[in-house]
Every structure is written in C-alpha cells, then in structure tokens.
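A.B. asks: Mind having a look at this structure? Questions to follow.
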Amino acid sequence: MKLYIATPINARPEQGFRNKYQAARKRVRELKEIIKTDHRFYGYSFISSFDVNPAANTSEAIAMGRCVQAVMESDAIYLDHAWQSSKGCNLEYRTAKIYDKEIYEHDKL
C-alpha cells in the first residue's frame, strides 16, 4: 500500500523558490520519519512530490502531472499542515477525493 505525502512548496513562508523547495523537501523527510511510527500507517510505503520530481527545475505543469499520477496510484494521501494554502496540495486533495482515496489531514489526526 502507498501513502502519498502532500506538503506545500510555493505557499511556504521562506523567501525564494530554492529556499521554499529545500524547506519543503526537508519537511517531507521529517514527515516520513514521524508517520512511520504511527500505527495507522503500518504497512504503507511513502511517496511524495520529491520522489516523482527529483529535479527542482521541472516545470510546474510536468511536476503537478506527476504528482496527480502518484496520488492516483496511491491508496491514501497525507495532507501536511497548511495544505489549504497550496494550489498543488489542493489539486492533490481533489484528485484523492475524486478517486475515493483515504485522506489524512495533519490537523485532524
């Protein structure tokens, strides 16, 4: 089973895309470690935007297409804190809703 981790990138408070990207990437690494210890996620493998888009210079259209595909191929989605302020996370959420994926929200766990 796969769990897709959605965390805001462009909506982050850091200045400049490079800093936002690096901070979001670090956050996903941290989340993978935190979520791994939660019994609700036992048996899941984790995937994120950074796993399907390893290069920061990928166009937003291509990156989001890969993210939507990853959500569709996952069993569940985990929406990180402040996901509502991110266009990308909202798209991932809507995809999960349309395809009836299990949805976990950071603020509602």
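Every chain in the structure tokens takes a letter, A first, then B, and so on in the order presented; its residues are numbered from 1, and the ligands are numbered from 1 following the presented order.
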Near Ile47 of chain A, counting only C-alpha atoms, which residues have an atom at most 10 Å away, once you skip same-chain residues fewer than 5 positions from it, shown as a PyMOL selection string?
C.D. replies: chain A and resi 2-6+28+32+52+67+70-71+74+77
A.B. asks: Can you pull out the residues contacting Ser85 of chain A? Cut-off 9 Å, using only C-alpha atoms, and skip same-chain residues under 6 positions away; I want them as a PDB file with C-alpha atoms, in the first residue's frame.
C.D. replies:
```
ATOM      1  CA  PRO A   8       3.095  22.938   0.394  1.00  0.00           C
ATOM      2  CA  ALA A  11       2.977  28.501  -0.251  1.00  0.00           C
ATOM      3  CA  ARG A  12       5.837  28.146   2.258  1.00  0.00           C
TER       4      ARG A  12
END
```
A.B. asks: When you look at Gly43 of chain A with a cut-off of 12 Å (counting only C-alpha atoms), what residues show up, excluding the ones that are within fewer than 4 positions of it in the same chain? I need them as a VMD selection string.
C.D. replies: chain A and resid 1 to 3 35 to 39 75 to 76
A.B. asks: For those residues, write N, CA, C and O atoms to a file as an mmCIF file, in the first residue's frame.
C.D. replies:
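Result written to out01.cif:
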```cif
data_model
loop_
_atom_site.group_PDB
_atom_site.id
_atom_site.type_symbol
_atom_site.label_atom_id
_atom_site.label_comp_id
_atom_site.auth_asym_id
_atom_site.auth_seq_id
_atom_site.Cartn_x
_atom_site.Cartn_y
_atom_site.Cartn_z
ATOM 1 N N MET A 1 0.834 -1.182 0.000
ATOM 2 C CA MET A 1 0.000 0.000 0.000
ATOM 3 C C MET A 1 0.880 1.247 0.000
ATOM 4 O O MET A 1 1.930 1.248 0.614
ATOM 5 N N LYS A 2 0.398 2.284 -0.692
ATOM 6 C CA LYS A 2 1.161 3.526 -0.802
ATOM 7 C C LYS A 2 0.413 4.685 -0.170
ATOM 8 O O LYS A 2 -0.799 4.823 -0.327
ATOM 9 N N LEU A 3 1.166 5.539 0.518
ATOM 10 C CA LEU A 3 0.652 6.770 1.086
ATOM 11 C C LEU A 3 1.399 7.930 0.440
ATOM 12 O O LEU A 3 2.631 8.003 0.524
ATOM 13 N N ILE A 35 5.633 9.778 10.524
ATOM 14 C CA ILE A 35 4.491 8.951 10.125
ATOM 15 C C ILE A 35 4.826 7.471 10.264
ATOM 16 O O ILE A 35 3.969 6.663 10.620
ATOM 17 N N LYS A 36 6.066 7.127 10.012
ATOM 18 C CA LYS A 36 6.499 5.726 10.088
ATOM 19 C C LYS A 36 6.205 5.110 11.461
ATOM 20 O O LYS A 36 5.942 3.921 11.561
ATOM 21 N N THR A 37 6.207 5.933 12.498
ATOM 22 C CA THR A 37 5.987 5.422 13.852
ATOM 23 C C THR A 37 4.505 5.383 14.241
ATOM 24 O O THR A 37 4.170 4.884 15.309
ATOM 25 N N ASP A 38 3.626 5.910 13.402
ATOM 26 C CA ASP A 38 2.189 5.941 13.694
ATOM 27 C C ASP A 38 1.559 4.627 13.253
ATOM 28 O O ASP A 38 1.622 4.264 12.078
ATOM 29 N N HIS A 39 0.931 3.920 14.173
ATOM 30 C CA HIS A 39 0.369 2.601 13.870
ATOM 31 C C HIS A 39 -0.681 2.638 12.754
ATOM 32 O O HIS A 39 -0.894 1.651 12.072
ATOM 33 N N ASP A 75 -2.861 4.593 -2.370
ATOM 34 C CA ASP A 75 -4.067 4.158 -1.672
ATOM 35 C C ASP A 75 -4.620 5.243 -0.764
ATOM 36 O O ASP A 75 -5.805 5.233 -0.426
ATOM 37 N N ALA A 76 -3.742 6.146 -0.354
ATOM 38 C CA ALA A 76 -4.136 7.181 0.601
ATOM 39 C C ALA A 76 -3.250 8.409 0.401
ATOM 40 O O ALA A 76 -2.197 8.336 -0.233
#
```
A.B. asks: As a PyMOL selection string, list the residues of chain A assigned to alpha helix (DSSP H) by DSSP on the backbone atoms of this structure.
C.D. replies: chain A and resi 17-36+49-52+60-72+87-98
A.B. asks: As a ChimeraX atom specification, please: the residues near Glu92 of chain A (cut-off 10 Å, only C-alpha atoms, same-chain neighbours under 3 positions excluded).
C.D. replies: /A:4-7,64-65,67-72,77-79,83,86-89,95-98
A.B. asks: The selected residues should be written to file as a short mmCIF file (atom, residue, chain, number, x, y, z; two decimals), in the first residue's frame (atoms: N, CA, C and O atoms).
C.D. replies:
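The new file again-v8.cif reads:
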```
data_model
loop_
_atom_site.label_atom_id
_atom_site.label_comp_id
_atom_site.auth_asym_id
_atom_site.auth_seq_id
_atom_site.Cartn_x
_atom_site.Cartn_y
_atom_site.Cartn_z
N TYR A 4 0.66 8.81 -0.22
CA TYR A 4 1.26 9.99 -0.84
C TYR A 4 1.28 11.12 0.19
O TYR A 4 0.27 11.42 0.81
N ILE A 5 2.43 11.75 0.38
CA ILE A 5 2.58 12.86 1.32
C ILE A 5 2.57 14.16 0.53
O ILE A 5 3.43 14.40 -0.31
N ALA A 6 1.57 15.00 0.82
CA ALA A 6 1.44 16.31 0.16
C ALA A 6 1.80 17.41 1.15
O ALA A 6 1.21 17.53 2.21
N THR A 7 2.79 18.20 0.79
CA THR A 7 3.19 19.33 1.62
C THR A 7 3.35 20.55 0.73
O THR A 7 3.79 20.43 -0.42
N MET A 64 3.30 18.79 -11.48
CA MET A 64 1.95 18.53 -10.95
C MET A 64 1.32 17.34 -11.65
O MET A 64 0.60 16.56 -11.00
N GLY A 65 1.59 17.15 -12.92
CA GLY A 65 1.08 15.96 -13.61
C GLY A 65 1.61 14.69 -12.98
O GLY A 65 0.86 13.72 -12.76
N CYS A 67 2.64 14.43 -9.88
CA CYS A 67 2.06 14.33 -8.54
C CYS A 67 0.64 13.77 -8.60
O CYS A 67 0.28 12.91 -7.79
N VAL A 68 -0.15 14.24 -9.55
CA VAL A 68 -1.51 13.73 -9.69
C VAL A 68 -1.47 12.24 -10.02
O VAL A 68 -2.23 11.45 -9.46
N GLN A 69 -0.57 11.85 -10.89
CA GLN A 69 -0.43 10.43 -11.21
C GLN A 69 -0.06 9.64 -9.96
O GLN A 69 -0.61 8.56 -9.71
N ALA A 70 0.86 10.17 -9.15
CA ALA A 70 1.27 9.47 -7.93
C ALA A 70 0.10 9.34 -6.95
O ALA A 70 -0.07 8.29 -6.32
N VAL A 71 -0.73 10.38 -6.84
CA VAL A 71 -1.91 10.29 -5.96
C VAL A 71 -2.85 9.22 -6.48
O VAL A 71 -3.35 8.39 -5.72
N MET A 72 -3.06 9.18 -7.79
CA MET A 72 -3.96 8.19 -8.39
C MET A 72 -3.45 6.77 -8.17
O MET A 72 -4.25 5.84 -8.02
N ILE A 77 -3.71 9.53 0.98
CA ILE A 77 -2.94 10.77 0.91
C ILE A 77 -2.86 11.38 2.31
O ILE A 77 -3.82 11.31 3.07
N TYR A 78 -1.69 11.93 2.63
CA TYR A 78 -1.49 12.64 3.88
C TYR A 78 -1.25 14.10 3.52
O TYR A 78 -0.31 14.41 2.79
N LEU A 79 -2.12 14.99 4.02
CA LEU A 79 -2.03 16.42 3.73
C LEU A 79 -1.37 17.12 4.92
O LEU A 79 -1.89 17.10 6.03
N TRP A 83 -1.88 22.84 4.13
CA TRP A 83 -2.06 22.39 2.75
C TRP A 83 -3.11 23.21 2.01
O TRP A 83 -3.02 23.38 0.79
N SER A 86 -2.03 25.92 -0.50
CA SER A 86 -1.22 25.50 -1.64
C SER A 86 -2.09 25.03 -2.80
O SER A 86 -2.93 24.14 -2.64
N LYS A 87 -1.89 25.64 -3.96
CA LYS A 87 -2.63 25.20 -5.15
C LYS A 87 -2.34 23.74 -5.47
O LYS A 87 -3.23 22.98 -5.81
N GLY A 88 -1.08 23.35 -5.36
CA GLY A 88 -0.69 21.97 -5.66
C GLY A 88 -1.33 20.98 -4.71
O GLY A 88 -1.87 19.95 -5.13
N CYS A 89 -1.30 21.27 -3.41
CA CYS A 89 -1.92 20.38 -2.43
C CYS A 89 -3.43 20.30 -2.63
O CYS A 89 -4.03 19.24 -2.46
N THR A 95 -7.91 15.36 -6.37
CA THR A 95 -7.68 14.08 -7.07
C THR A 95 -8.00 12.92 -6.13
O THR A 95 -8.67 11.97 -6.52
N ALA A 96 -7.51 13.00 -4.91
CA ALA A 96 -7.78 11.95 -3.92
C ALA A 96 -9.27 11.82 -3.66
O ALA A 96 -9.79 10.70 -3.55
N LYS A 97 -9.97 12.94 -3.57
CA LYS A 97 -11.42 12.92 -3.35
C LYS A 97 -12.14 12.25 -4.51
O LYS A 97 -12.99 11.38 -4.31
N ILE A 98 -11.80 12.67 -5.74
CA ILE A 98 -12.45 12.12 -6.94
C ILE A 98 -12.25 10.62 -7.03
O ILE A 98 -13.16 9.87 -7.39
#
```
A.B. asks: What does the distance from atom CA of Tyr104 of chain A to atom CA of Phe50 of chain A come to in Å, to one decimal?
C.D. replies: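 Value for the atom CA of Tyr104 of chain A-atom CA of Phe50 of chain A distance: 19.1 Å.
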A.B. asks: Would you please work out which residue, of A:Asn10, A:Ser49, A:Gln84, A:Asn57, is nearest to Arg29 of chain A when using only C-alpha atoms?
C.D. replies: A:Ser49
A.B. asks: Tell me, in Å to one decimal, how far atom CA of Arg18 of chain A is from atom CA of Asp51 of chain A.
C.D. replies: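 About the pair atom CA of Arg18 of chain A and atom CA of Asp51 of chain A: they are 17.1 Å apart.
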A.B. asks: So that I can check the secondary structure, give me every residue of segment 6-108 of chain A assigned strand (DSSP E or B) by backbone DSSP, as a PyMOL selection string.
C.D. replies: chain A and resi 6+45-48+76-79+102-105
